[in-house]
file entry16.pdb (PDB, C-alpha atoms, pLDDT in the B column)
ATOM      1  CA  MET A   7       0.000   0.000   0.000  1.00 74.00           C
ATOM      2  CA  MET A   8       2.707   2.459   0.984  1.00 80.00           C
ATOM      3  CA  THR A   9       4.833   1.595  -2.057  1.00 85.00           C
ATOM      4  CA  GLN A  10       1.828   2.234  -4.311  1.00 85.00           C
ATOM      5  CA  LEU A  11       1.375   5.683  -2.758  1.00 83.00           C
ATOM      6  CA  ILE A  12       5.062   6.435  -3.235  1.00 87.00           C
ATOM      7  CA  GLU A  13       4.884   5.317  -6.867  1.00 85.00           C
ATOM      8  CA  LEU A  14       1.783   7.449  -7.406  1.00 82.00           C
ATOM      9  CA  TRP A  15       3.489  10.468  -5.852  1.00 80.00           C
ATOM     10  CA  GLU A  16       6.590   9.931  -8.014  1.00 84.00           C
ATOM     11  CA  SER A  17       4.492   9.684 -11.181  1.00 82.00           C
ATOM     12  CA  VAL A  18       2.670  12.910 -10.234  1.00 77.00           C
ATOM     13  CA  GLN A  19       6.019  14.614  -9.658  1.00 80.00           C
ATOM     14  CA  ASP A  20       7.292  13.361 -13.029  1.00 81.00           C
ATOM     15  CA  PHE A  21       4.133  14.643 -14.698  1.00 77.00           C
ATOM     16  CA  ILE A  22       4.541  18.086 -13.090  1.00 77.00           C
ATOM     17  CA  HIS A  23       8.243  18.163 -13.954  1.00 75.00           C
ATOM     18  CA  THR A  24       7.444  17.326 -17.584  1.00 76.00           C
ATOM     19  CA  GLY A  25       4.565  19.822 -17.781  1.00 76.00           C
ATOM     20  CA  GLY A  26       6.150  22.689 -15.897  1.00 78.00           C
ATOM     21  CA  ASN A  27       5.208  24.830 -12.935  1.00 84.00           C
ATOM     22  CA  VAL A  28       1.945  25.954 -14.521  1.00 86.00           C
ATOM     23  CA  LEU A  29       0.545  22.555 -13.534  1.00 88.00           C
ATOM     24  CA  TYR A  30       0.672  23.719  -9.910  1.00 90.00           C
ATOM     25  CA  VAL A  31      -1.668  26.562 -10.852  1.00 91.00           C
ATOM     26  CA  VAL A  32      -3.975  24.117 -12.673  1.00 92.00           C
ATOM     27  CA  ALA A  33      -3.962  21.921  -9.559  1.00 91.00           C
ATOM     28  CA  VAL A  34      -4.821  24.848  -7.268  1.00 93.00           C
ATOM     29  CA  VAL A  35      -7.687  25.980  -9.520  1.00 95.00           C
ATOM     30  CA  LEU A  36      -8.915  22.380  -9.753  1.00 95.00           C
ATOM     31  CA  PHE A  37      -8.759  21.918  -5.968  1.00 95.00           C
ATOM     32  CA  ILE A  38     -10.687  25.134  -5.277  1.00 97.00           C
ATOM     33  CA  MET A  39     -13.265  24.269  -7.952  1.00 97.00           C
ATOM     34  CA  TRP A  40     -13.860  20.782  -6.550  1.00 96.00           C
ATOM     35  CA  PHE A  41     -13.937  22.017  -2.967  1.00 97.00           C
ATOM     36  CA  LEU A  42     -16.654  24.528  -3.880  1.00 97.00           C
ATOM     37  CA  MET A  43     -18.632  21.970  -5.898  1.00 97.00           C
ATOM     38  CA  LEU A  44     -18.543  19.435  -3.058  1.00 96.00           C
ATOM     39  CA  GLU A  45     -19.606  22.135  -0.607  1.00 97.00           C
ATOM     40  CA  ARG A  46     -22.568  23.050  -2.862  1.00 96.00           C
ATOM     41  CA  TYR A  47     -23.555  19.380  -3.268  1.00 96.00           C
ATOM     42  CA  TRP A  48     -23.500  19.007   0.506  1.00 97.00           C
ATOM     43  CA  TYR A  49     -25.553  22.182   0.965  1.00 97.00           C
ATOM     44  CA  VAL A  50     -28.166  21.207  -1.633  1.00 96.00           C
ATOM     45  CA  SER A  51     -28.398  17.610  -0.431  1.00 95.00           C
ATOM     46  CA  ALA A  52     -28.069  17.917   3.350  1.00 96.00           C
ATOM     47  CA  VAL A  53     -28.640  21.508   4.501  1.00 96.00           C
ATOM     48  CA  PHE A  54     -31.217  22.937   2.114  1.00 96.00           C
ATOM     49  CA  PRO A  55     -33.890  20.243   2.666  1.00 96.00           C
ATOM     50  CA  LYS A  56     -34.051  21.298   6.336  1.00 96.00           C
ATOM     51  CA  ILE A  57     -34.322  24.966   5.361  1.00 95.00           C
ATOM     52  CA  LYS A  58     -37.041  24.122   2.833  1.00 95.00           C
ATOM     53  CA  ARG A  59     -39.016  22.147   5.421  1.00 95.00           C
ATOM     54  CA  ASP A  60     -38.748  25.085   7.825  1.00 95.00           C
ATOM     55  CA  ILE A  61     -40.003  27.553   5.198  1.00 95.00           C
ATOM     56  CA  ILE A  62     -42.906  25.261   4.259  1.00 93.00           C
ATOM     57  CA  ALA A  63     -43.807  24.773   7.939  1.00 94.00           C
ATOM     58  CA  ARG A  64     -43.756  28.535   8.548  1.00 93.00           C
ATOM     59  CA  TRP A  65     -45.946  29.097   5.472  1.00 92.00           C
ATOM     60  CA  ASP A  66     -48.408  26.363   6.479  1.00 91.00           C
ATOM     61  CA  ALA A  67     -48.583  27.782  10.019  1.00 91.00           C
ATOM     62  CA  ARG A  68     -49.652  31.215   8.731  1.00 88.00           C
ATOM     63  CA  ALA A  69     -53.306  32.015   9.093  1.00 88.00           C
ATOM     64  CA  ASP A  70     -53.129  34.552   6.267  1.00 88.00           C
ATOM     65  CA  THR A  71     -51.763  33.189   2.973  1.00 86.00           C
ATOM     66  CA  THR A  72     -53.846  35.200   0.536  1.00 89.00           C
ATOM     67  CA  SER A  73     -53.186  38.880   1.280  1.00 90.00           C
ATOM     68  CA  TRP A  74     -50.692  41.070  -0.532  1.00 93.00           C
ATOM     69  CA  TYR A  75     -48.558  41.130   2.630  1.00 92.00           C
ATOM     70  CA  ALA A  76     -48.535  37.303   2.813  1.00 91.00           C
ATOM     71  CA  HIS A  77     -47.472  37.061  -0.830  1.00 92.00           C
ATOM     72  CA  LYS A  78     -44.591  39.455  -0.202  1.00 94.00           C
ATOM     73  CA  ILE A  79     -43.454  37.351   2.764  1.00 92.00           C
ATOM     74  CA  ARG A  80     -43.639  34.222   0.561  1.00 93.00           C
ATOM     75  CA  ASP A  81     -41.658  35.947  -2.194  1.00 94.00           C
ATOM     76  CA  THR A  82     -39.046  37.112   0.324  1.00 95.00           C
ATOM     77  CA  TRP A  83     -38.585  33.609   1.743  1.00 95.00           C
ATOM     78  CA  ILE A  84     -38.269  32.162  -1.758  1.00 95.00           C
ATOM     79  CA  SER A  85     -35.799  34.876  -2.758  1.00 95.00           C
ATOM     80  CA  GLU A  86     -33.618  34.327   0.307  1.00 95.00           C
ATOM     81  CA  ALA A  87     -33.598  30.560  -0.223  1.00 96.00           C
ATOM     82  CA  THR A  88     -32.800  31.028  -3.916  1.00 96.00           C
ATOM     83  CA  ASN A  89     -29.899  33.328  -3.089  1.00 96.00           C
ATOM     84  CA  ASP A  90     -28.542  30.734  -0.674  1.00 95.00           C
ATOM     85  CA  LEU A  91     -28.838  28.016  -3.332  1.00 95.00           C
ATOM     86  CA  ASP A  92     -27.103  30.160  -5.962  1.00 95.00           C
ATOM     87  CA  GLN A  93     -24.187  31.062  -3.714  1.00 94.00           C
ATOM     88  CA  ARG A  94     -20.795  30.312  -5.299  1.00 94.00           C
ATOM     89  CA  MET A  95     -22.345  28.882  -8.487  1.00 96.00           C
ATOM     90  CA  LEU A  96     -20.950  31.756 -10.566  1.00 96.00           C
ATOM     91  CA  LEU A  97     -17.516  31.276  -8.987  1.00 96.00           C
ATOM     92  CA  ILE A  98     -17.632  27.560  -9.847  1.00 97.00           C
ATOM     93  CA  LYS A  99     -18.506  28.341 -13.467  1.00 96.00           C
ATOM     94  CA  THR A 100     -15.691  30.892 -13.590  1.00 96.00           C
ATOM     95  CA  LEU A 101     -13.166  28.366 -12.271  1.00 96.00           C
ATOM     96  CA  VAL A 102     -14.335  25.811 -14.853  1.00 96.00           C
ATOM     97  CA  ALA A 103     -13.766  28.396 -17.575  1.00 95.00           C
ATOM     98  CA  MET A 104     -10.354  29.312 -16.131  1.00 95.00           C
ATOM     99  CA  CYS A 105      -8.928  25.791 -16.308  1.00 94.00           C
ATOM    100  CA  PRO A 106      -8.296  25.743 -20.080  1.00 94.00           C
ATOM    101  CA  LEU A 107      -6.965  29.300 -19.906  1.00 94.00           C
ATOM    102  CA  VAL A 108      -4.426  28.334 -17.265  1.00 92.00           C
ATOM    103  CA  GLY A 109      -3.491  25.348 -19.437  1.00 90.00           C
ATOM    104  CA  LEU A 110      -3.033  27.732 -22.340  1.00 91.00           C
ATOM    105  CA  LEU A 111      -0.683  29.769 -20.163  1.00 89.00           C
ATOM    106  CA  GLY A 112       1.379  26.588 -19.802  1.00 86.00           C
ATOM    107  CA  THR A 113       1.373  26.198 -23.567  1.00 86.00           C
ATOM    108  CA  VAL A 114       2.697  29.710 -24.022  1.00 87.00           C
ATOM    109  CA  THR A 115       5.420  29.288 -21.405  1.00 84.00           C
ATOM    110  CA  GLY A 116       6.410  25.920 -22.916  1.00 81.00           C
ATOM    111  CA  MET A 117       6.642  27.408 -26.407  1.00 83.00           C
ATOM    112  CA  ILE A 118       8.752  30.258 -25.044  1.00 83.00           C
ATOM    113  CA  ALA A 119      11.096  27.612 -23.648  1.00 77.00           C
ATOM    114  CA  VAL A 120      11.221  25.906 -27.070  1.00 78.00           C
ATOM    115  CA  PHE A 121      12.015  29.185 -28.804  1.00 80.00           C
ATOM    116  CA  ASP A 122      14.638  29.977 -26.184  1.00 78.00           C
ATOM    117  CA  ILE A 123      16.317  26.617 -26.822  1.00 74.00           C
ATOM    118  CA  MET A 124      16.151  27.225 -30.567  1.00 75.00           C
ATOM    119  CA  ALA A 125      17.692  30.678 -30.132  1.00 77.00           C
ATOM    120  CA  THR A 126      20.585  29.493 -27.982  1.00 78.00           C
ATOM    121  CA  GLN A 127      21.294  26.015 -29.379  1.00 74.00           C
ATOM    122  CA  GLY A 128      19.799  26.184 -32.847  1.00 69.00           C
ATOM    123  CA  THR A 129      17.374  23.675 -34.303  1.00 65.00           C
ATOM    124  CA  GLY A 130      19.867  20.829 -34.392  1.00 64.00           C
ATOM    125  CA  ASN A 131      18.928  19.282 -31.030  1.00 68.00           C
ATOM    126  CA  PRO A 132      15.494  17.677 -31.398  1.00 72.00           C
ATOM    127  CA  ARG A 133      15.586  16.127 -27.915  1.00 73.00           C
ATOM    128  CA  THR A 134      15.675  19.479 -26.119  1.00 68.00           C
ATOM    129  CA  MET A 135      13.024  20.856 -28.462  1.00 71.00           C
ATOM    130  CA  ALA A 136      10.803  17.840 -27.750  1.00 72.00           C
ATOM    131  CA  ALA A 137      11.059  18.486 -24.009  1.00 70.00           C
ATOM    132  CA  GLY A 138       9.871  22.052 -24.549  1.00 72.00           C
ATOM    133  CA  ILE A 139       7.032  20.951 -26.807  1.00 77.00           C
ATOM    134  CA  SER A 140       5.995  18.383 -24.205  1.00 74.00           C
ATOM    135  CA  MET A 141       6.100  21.135 -21.587  1.00 76.00           C
ATOM    136  CA  ALA A 142       3.816  23.128 -23.883  1.00 80.00           C
ATOM    137  CA  THR A 143       1.179  20.451 -24.484  1.00 87.00           C
ATOM    138  CA  ILE A 144       0.828  18.800 -21.074  1.00 87.00           C
ATOM    139  CA  PRO A 145      -0.606  21.878 -19.276  1.00 89.00           C
ATOM    140  CA  THR A 146      -3.134  22.339 -22.072  1.00 90.00           C
ATOM    141  CA  MET A 147      -4.249  18.733 -21.688  1.00 90.00           C
ATOM    142  CA  ALA A 148      -4.390  19.053 -17.898  1.00 91.00           C
ATOM    143  CA  GLY A 149      -6.433  22.262 -18.122  1.00 92.00           C
ATOM    144  CA  MET A 150      -8.869  20.669 -20.569  1.00 93.00           C
ATOM    145  CA  VAL A 151      -9.322  17.550 -18.430  1.00 93.00           C
ATOM    146  CA  ALA A 152      -9.877  19.716 -15.350  1.00 93.00           C
ATOM    147  CA  ALA A 153     -12.421  21.828 -17.224  1.00 95.00           C
ATOM    148  CA  LEU A 154     -14.266  18.775 -18.557  1.00 95.00           C
ATOM    149  CA  SER A 155     -14.607  17.241 -15.107  1.00 92.00           C
ATOM    150  CA  GLY A 156     -15.758  20.550 -13.685  1.00 94.00           C
ATOM    151  CA  LEU A 157     -18.141  21.209 -16.569  1.00 94.00           C
ATOM    152  CA  PHE A 158     -19.891  17.875 -16.169  1.00 93.00           C
ATOM    153  CA  PHE A 159     -20.354  18.086 -12.414  1.00 94.00           C
ATOM    154  CA  SER A 160     -21.139  21.807 -12.284  1.00 95.00           C
ATOM    155  CA  SER A 161     -23.883  21.374 -14.883  1.00 95.00           C
ATOM    156  CA  ARG A 162     -25.355  18.509 -12.858  1.00 95.00           C
ATOM    157  CA  LEU A 163     -25.142  20.683  -9.754  1.00 96.00           C
ATOM    158  CA  GLU A 164     -26.858  23.536 -11.573  1.00 96.00           C
ATOM    159  CA  VAL A 165     -29.736  21.241 -12.593  1.00 96.00           C
ATOM    160  CA  LYS A 166     -30.054  20.088  -8.982  1.00 96.00           C
ATOM    161  CA  VAL A 167     -30.156  23.703  -7.760  1.00 96.00           C
ATOM    162  CA  LYS A 168     -32.818  24.651 -10.339  1.00 96.00           C
ATOM    163  CA  ARG A 169     -34.904  21.630  -9.351  1.00 96.00           C
ATOM    164  CA  GLU A 170     -34.720  22.591  -5.668  1.00 95.00           C
ATOM    165  CA  LYS A 171     -35.777  26.175  -6.470  1.00 95.00           C
ATOM    166  CA  ALA A 172     -38.773  24.990  -8.495  1.00 94.00           C
ATOM    167  CA  ASP A 173     -39.715  22.466  -5.809  1.00 94.00           C
ATOM    168  CA  LEU A 174     -39.654  25.172  -3.137  1.00 93.00           C
ATOM    169  CA  VAL A 175     -41.895  27.460  -5.194  1.00 92.00           C
ATOM    170  CA  ASP A 176     -44.298  24.583  -5.861  1.00 92.00           C
ATOM    171  CA  SER A 177     -44.341  23.672  -2.160  1.00 90.00           C
ATOM    172  CA  LEU A 178     -45.600  27.120  -1.149  1.00 87.00           C
ATOM    173  CA  PRO A 179     -49.101  27.353  -2.625  1.00 84.00           C
ATOM    174  CA  HIS A 180     -49.956  30.741  -4.028  1.00 72.00           C
ATOM    175  CA  HIS A 181     -53.617  31.195  -3.109  1.00 63.00           C
TER
END

call {"tool": "encode", "arguments": {"input": "entry16.pdb", "output": "structure tokens"}}
result
Amino acid sequence: MMTQLIELWESVQDFIHTGGNVLYVVAVVLFIMWFLMLERYWYVSAVFPKIKRDIIARWDARADTTSWYAHKIRDTWISEATNDLDQRMLLIKTLVAMCPLVGLLGTVTGMIAVFDIMATQGTGNPRTMAAGISMATIPTMAGMVAALSGLFFSSRLEVKVKREKADLVDSLPHH
């Protein structure tokens, strides 16, 4: 077990060494994105159902559910719950969109390294040029993979949030 972890860590280090320091930035963006998505999944799945039940119970306990004042209270409760559901969703989408851009930054820095090698050593050493080209393509791939994973799960999370909003509105009858 421990040797497998060591081998995994060494392969990750080799990957980062081959792809360059930009992969650290991709990893940080990916970590923050996944942390926020997991937090939102937890909120929507575990915390929000309790809040929704409380709002429904407060609405059902009201004697007046038909007046203008009652409708404004209902709208306020729905708006507050919706704002809580939408929290950090825009940030998650932004981080998903940033992943390929950070990978592109790695491409640019890798190509600069290739051109630097070409300027100092000429084009006669294909091995050093290949290392630079590898450094240019790996961050792009890593950024795209990070974005794809984030895109899939953030879109599923967004559907879940929309469903919870609609369910809350449907649970508070508008007499």

call {"tool": "atom_distance", "arguments": {"input": "entry16.pdb", "atom1": "CA of Arg80 (chain A)", "atom2": "CA of Arg68 (chain A)"}}
result
10.6 Å

call {"tool": "atom_distance", "arguments": {"input": "entry16.pdb", "atom1": "CA of Thr146 (chain A)", "atom2": "CA of Gln93 (chain A)"}}
result
29.3 Å

call {"tool": "residues_around", "arguments": {"input": "entry16.pdb", "residues": "Ala152 (chain A)", "least_positions_apart": "5", "cutoff": "8 Å", "atoms": "only C-alpha atoms", "output": "ChimeraX atom specification"}}
result
/A:32,36,102,105-106

call {"tool": "write_last_selection", "arguments": {"input": "entry16.pdb", "atoms": "C-alpha atoms", "output": "PDB file, in the frame of the given file"}}
result
ATOM      1  CA  VAL A  32      -3.975  24.117 -12.673  1.00 92.00           C
ATOM      2  CA  LEU A  36      -8.915  22.380  -9.753  1.00 95.00           C
ATOM      3  CA  VAL A 102     -14.335  25.811 -14.853  1.00 96.00           C
ATOM      4  CA  CYS A 105      -8.928  25.791 -16.308  1.00 94.00           C
ATOM      5  CA  PRO A 106      -8.296  25.743 -20.080  1.00 94.00           C
TER       6      PRO A 106
END

call {"tool": "resolve_selection", "arguments": {"input": "entry16.pdb", "expression": "the PyMOL selection byres ((chain A and resi 9-24) around 12)", "output": "list in words"}}
result
Met7, Met8, Gly25, Gly26, Asn27, Val28, Leu29, Tyr30, Val31, Val32, Ala33, Gly112, Gly116, Ala136, Ala137, Gly138, Ile139, Ser140, Met141, Ala142, Thr143, Ile144, Pro145, Met147 and Ala148 of chain A

call {"tool": "closest_residue", "arguments": {"input": "entry16.pdb", "among": "A:Trp48, A:Phe41, A:Phe158, A:Trp65", "to": "Pro179 (chain A)", "atoms": "all atoms listed in the file"}}
result
A:Trp65

call {"tool": "atom_distance", "arguments": {"input": "entry16.pdb", "atom1": "CA of Ser160 (chain A)", "atom2": "CA of Tyr49 (chain A)"}}
result
14.0 Å

call {"tool": "resolve_selection", "arguments": {"input": "entry16.pdb", "expression": "the PyMOL selection byres ((chain A and resi 84) around 10)", "output": "MDAnalysis selection string"}}
result
chainID A and resid 58 61 78:83 85:90 171:172 174:175 178

call {"tool": "write_last_selection", "arguments": {"input": "entry16.pdb", "atoms": "C-alpha atoms", "output": "tab-separated table (two decimals), keeping the file's coordinate frame"}}
result
chain	number	residue	atom	x	y	z
A	58	LYS	CA	-37.04	24.12	2.83
A	61	ILE	CA	-40.00	27.55	5.20
A	78	LYS	CA	-44.59	39.46	-0.20
A	79	ILE	CA	-43.45	37.35	2.76
A	80	ARG	CA	-43.64	34.22	0.56
A	81	ASP	CA	-41.66	35.95	-2.19
A	82	THR	CA	-39.05	37.11	0.32
A	83	TRP	CA	-38.58	33.61	1.74
A	85	SER	CA	-35.80	34.88	-2.76
A	86	GLU	CA	-33.62	34.33	0.31
A	87	ALA	CA	-33.60	30.56	-0.22
A	88	THR	CA	-32.80	31.03	-3.92
A	89	ASN	CA	-29.90	33.33	-3.09
A	90	ASP	CA	-28.54	30.73	-0.67
A	171	LYS	CA	-35.78	26.18	-6.47
A	172	ALA	CA	-38.77	24.99	-8.49
A	174	LEU	CA	-39.65	25.17	-3.14
A	175	VAL	CA	-41.90	27.46	-5.19
A	178	LEU	CA	-45.60	27.12	-1.15

call {"tool": "resolve_selection", "arguments": {"input": "entry16.pdb", "expression": "the PyMOL selection byres ((chain A and resi 96) around 12)", "output": "ChimeraX atom specification"}}
result
/A:39,42-43,46,89,91-95,97-103,160-161,163-164

call {"tool": "write_last_selection", "arguments": {"input": "entry16.pdb", "atoms": "C-alpha atoms", "output": "short mmCIF file (atom, residue, chain, number, x, y, z; two decimals), in the coordinates of the input"}}
result
data_model
loop_
_atom_site.label_atom_id
_atom_site.label_comp_id
_atom_site.auth_asym_id
_atom_site.auth_seq_id
_atom_site.Cartn_x
_atom_site.Cartn_y
_atom_site.Cartn_z
CA MET A 39 -13.26 24.27 -7.95
CA LEU A 42 -16.65 24.53 -3.88
CA MET A 43 -18.63 21.97 -5.90
CA ARG A 46 -22.57 23.05 -2.86
CA ASN A 89 -29.90 33.33 -3.09
CA LEU A 91 -28.84 28.02 -3.33
CA ASP A 92 -27.10 30.16 -5.96
CA GLN A 93 -24.19 31.06 -3.71
CA ARG A 94 -20.80 30.31 -5.30
CA MET A 95 -22.34 28.88 -8.49
CA LEU A 97 -17.52 31.28 -8.99
CA ILE A 98 -17.63 27.56 -9.85
CA LYS A 99 -18.51 28.34 -13.47
CA THR A 100 -15.69 30.89 -13.59
CA LEU A 101 -13.17 28.37 -12.27
CA VAL A 102 -14.34 25.81 -14.85
CA ALA A 103 -13.77 28.40 -17.58
CA SER A 160 -21.14 21.81 -12.28
CA SER A 161 -23.88 21.37 -14.88
CA LEU A 163 -25.14 20.68 -9.75
CA GLU A 164 -26.86 23.54 -11.57
#

call {"tool": "residues_around", "arguments": {"input": "entry16.pdb", "residues": "Asp66 (chain A)", "least_positions_apart": "3", "cutoff": "12 Å", "atoms": "all atoms listed in the file", "output": "list in words"}}
result
Arg59, Asp60, Ile61, Ile62, Ala63, Ala69, Asp70, Thr71, Thr72, Ala76, Arg80, Ser177, Leu178, Pro179, His180 and His181 of chain A

call {"tool": "closest_residue", "arguments": {"input": "entry16.pdb", "among": "A:Met135, A:Leu107, A:Leu44, A:Ala52", "to": "Met150 (chain A)", "atoms": "all atoms listed in the file"}}
result
A:Leu107

call {"tool": "axis_aligned_box", "arguments": {"input": "entry16.pdb", "around": "region 50-66 of chain A", "padding_each_side": "5 Å", "output": "lines of an AutoDock Vina configuration file"}}
result
center_x = -38.2
center_y = 23.4
center_z = 3.5
size_x = 30.3
size_y = 21.5
size_z = 20.2

call {"tool": "build_atoms", "arguments": {"input": "entry16.pdb", "residues": "region 62-71 of chain A", "atoms": "all heavy atoms", "output": "PDB file, in the coordinates of the input"}}
result
ATOM      1  N   ILE A  62     -41.573  25.822   4.527  1.00 93.00           N
ATOM      2  CA  ILE A  62     -42.906  25.261   4.259  1.00 93.00           C
ATOM      3  C   ILE A  62     -43.727  25.216   5.549  1.00 93.00           C
ATOM      4  O   ILE A  62     -44.915  25.566   5.558  1.00 93.00           O
ATOM      5  CB  ILE A  62     -42.791  23.862   3.621  1.00 93.00           C
ATOM      6  CG1 ILE A  62     -42.188  23.979   2.223  1.00 93.00           C
ATOM      7  CG2 ILE A  62     -44.140  23.169   3.566  1.00 93.00           C
ATOM      8  CD1 ILE A  62     -41.768  22.657   1.606  1.00 93.00           C
ATOM      9  N   ALA A  63     -43.097  24.829   6.656  1.00 94.00           N
ATOM     10  CA  ALA A  63     -43.807  24.773   7.939  1.00 94.00           C
ATOM     11  C   ALA A  63     -44.246  26.167   8.379  1.00 94.00           C
ATOM     12  O   ALA A  63     -45.378  26.349   8.864  1.00 94.00           O
ATOM     13  CB  ALA A  63     -42.920  24.138   9.011  1.00 94.00           C
ATOM     14  N   ARG A  64     -43.379  27.158   8.193  1.00 93.00           N
ATOM     15  CA  ARG A  64     -43.756  28.535   8.548  1.00 93.00           C
ATOM     16  C   ARG A  64     -44.904  29.029   7.671  1.00 93.00           C
ATOM     17  O   ARG A  64     -45.801  29.722   8.142  1.00 93.00           O
ATOM     18  CB  ARG A  64     -42.558  29.482   8.435  1.00 93.00           C
ATOM     19  CG  ARG A  64     -41.546  29.294   9.556  1.00 93.00           C
ATOM     20  CD  ARG A  64     -40.504  30.376   9.564  1.00 93.00           C
ATOM     21  NE  ARG A  64     -39.628  30.223   8.392  1.00 93.00           N
ATOM     22  CZ  ARG A  64     -38.819  31.163   7.929  1.00 93.00           C
ATOM     23  NH1 ARG A  64     -38.756  32.335   8.522  1.00 93.00           N
ATOM     24  NH2 ARG A  64     -38.065  30.943   6.884  1.00 93.00           N
ATOM     25  N   TRP A  65     -44.876  28.666   6.378  1.00 92.00           N
ATOM     26  CA  TRP A  65     -45.946  29.097   5.472  1.00 92.00           C
ATOM     27  C   TRP A  65     -47.272  28.415   5.839  1.00 92.00           C
ATOM     28  O   TRP A  65     -48.322  29.051   5.871  1.00 92.00           O
ATOM     29  CB  TRP A  65     -45.568  28.787   4.022  1.00 92.00           C
ATOM     30  CG  TRP A  65     -46.620  29.211   3.046  1.00 92.00           C
ATOM     31  CD1 TRP A  65     -47.455  28.405   2.350  1.00 92.00           C
ATOM     32  CD2 TRP A  65     -46.953  30.553   2.662  1.00 92.00           C
ATOM     33  NE1 TRP A  65     -48.281  29.144   1.548  1.00 92.00           N
ATOM     34  CE2 TRP A  65     -47.993  30.483   1.725  1.00 92.00           C
ATOM     35  CE3 TRP A  65     -46.474  31.808   3.023  1.00 92.00           C
ATOM     36  CZ2 TRP A  65     -48.569  31.592   1.139  1.00 92.00           C
ATOM     37  CZ3 TRP A  65     -47.039  32.930   2.441  1.00 92.00           C
ATOM     38  CH2 TRP A  65     -48.071  32.822   1.513  1.00 92.00           C
ATOM     39  N   ASP A  66     -47.197  27.099   6.117  1.00 91.00           N
ATOM     40  CA  ASP A  66     -48.408  26.363   6.479  1.00 91.00           C
ATOM     41  C   ASP A  66     -48.976  26.829   7.819  1.00 91.00           C
ATOM     42  O   ASP A  66     -50.184  26.727   8.050  1.00 91.00           O
ATOM     43  CB  ASP A  66     -48.133  24.861   6.523  1.00 91.00           C
ATOM     44  CG  ASP A  66     -47.895  24.276   5.139  1.00 91.00           C
ATOM     45  OD1 ASP A  66     -48.296  24.921   4.141  1.00 91.00           O
ATOM     46  OD2 ASP A  66     -47.301  23.173   5.055  1.00 91.00           O
ATOM     47  N   ALA A  67     -48.133  27.333   8.704  1.00 91.00           N
ATOM     48  CA  ALA A  67     -48.583  27.782  10.019  1.00 91.00           C
ATOM     49  C   ALA A  67     -49.233  29.169   9.960  1.00 91.00           C
ATOM     50  O   ALA A  67     -49.909  29.574  10.906  1.00 91.00           O
ATOM     51  CB  ALA A  67     -47.404  27.808  10.994  1.00 91.00           C
ATOM     52  N   ARG A  68     -49.058  29.873   8.860  1.00 88.00           N
ATOM     53  CA  ARG A  68     -49.652  31.215   8.731  1.00 88.00           C
ATOM     54  C   ARG A  68     -51.165  31.109   8.566  1.00 88.00           C
ATOM     55  O   ARG A  68     -51.656  30.293   7.805  1.00 88.00           O
ATOM     56  CB  ARG A  68     -49.081  31.957   7.519  1.00 88.00           C
ATOM     57  CG  ARG A  68     -47.632  32.382   7.692  1.00 88.00           C
ATOM     58  CD  ARG A  68     -47.189  33.255   6.525  1.00 88.00           C
ATOM     59  NE  ARG A  68     -48.041  34.409   6.313  1.00 88.00           N
ATOM     60  CZ  ARG A  68     -47.940  35.567   6.966  1.00 88.00           C
ATOM     61  NH1 ARG A  68     -47.011  35.707   7.877  1.00 88.00           N
ATOM     62  NH2 ARG A  68     -48.756  36.570   6.714  1.00 88.00           N
ATOM     63  N   ALA A  69     -51.855  31.967   9.253  1.00 88.00           N
ATOM     64  CA  ALA A  69     -53.306  32.015   9.093  1.00 88.00           C
ATOM     65  C   ALA A  69     -53.655  32.741   7.790  1.00 88.00           C
ATOM     66  O   ALA A  69     -54.602  32.367   7.098  1.00 88.00           O
ATOM     67  CB  ALA A  69     -53.943  32.732  10.284  1.00 88.00           C
ATOM     68  N   ASP A  70     -52.873  33.749   7.465  1.00 88.00           N
ATOM     69  CA  ASP A  70     -53.129  34.552   6.267  1.00 88.00           C
ATOM     70  C   ASP A  70     -52.132  34.159   5.178  1.00 88.00           C
ATOM     71  O   ASP A  70     -50.930  34.396   5.310  1.00 88.00           O
ATOM     72  CB  ASP A  70     -52.984  36.038   6.610  1.00 88.00           C
ATOM     73  CG  ASP A  70     -53.037  36.920   5.385  1.00 88.00           C
ATOM     74  OD1 ASP A  70     -53.667  36.521   4.379  1.00 88.00           O
ATOM     75  OD2 ASP A  70     -52.440  38.018   5.427  1.00 88.00           O
ATOM     76  N   THR A  71     -52.618  33.538   4.108  1.00 86.00           N
ATOM     77  CA  THR A  71     -51.763  33.189   2.973  1.00 86.00           C
ATOM     78  C   THR A  71     -52.265  33.795   1.670  1.00 86.00           C
ATOM     79  O   THR A  71     -51.749  33.476   0.612  1.00 86.00           O
ATOM     80  CB  THR A  71     -51.669  31.656   2.802  1.00 86.00           C
ATOM     81  OG1 THR A  71     -52.977  31.141   2.594  1.00 86.00           O
ATOM     82  CG2 THR A  71     -50.998  30.996   3.994  1.00 86.00           C
TER      83      THR A  71
END
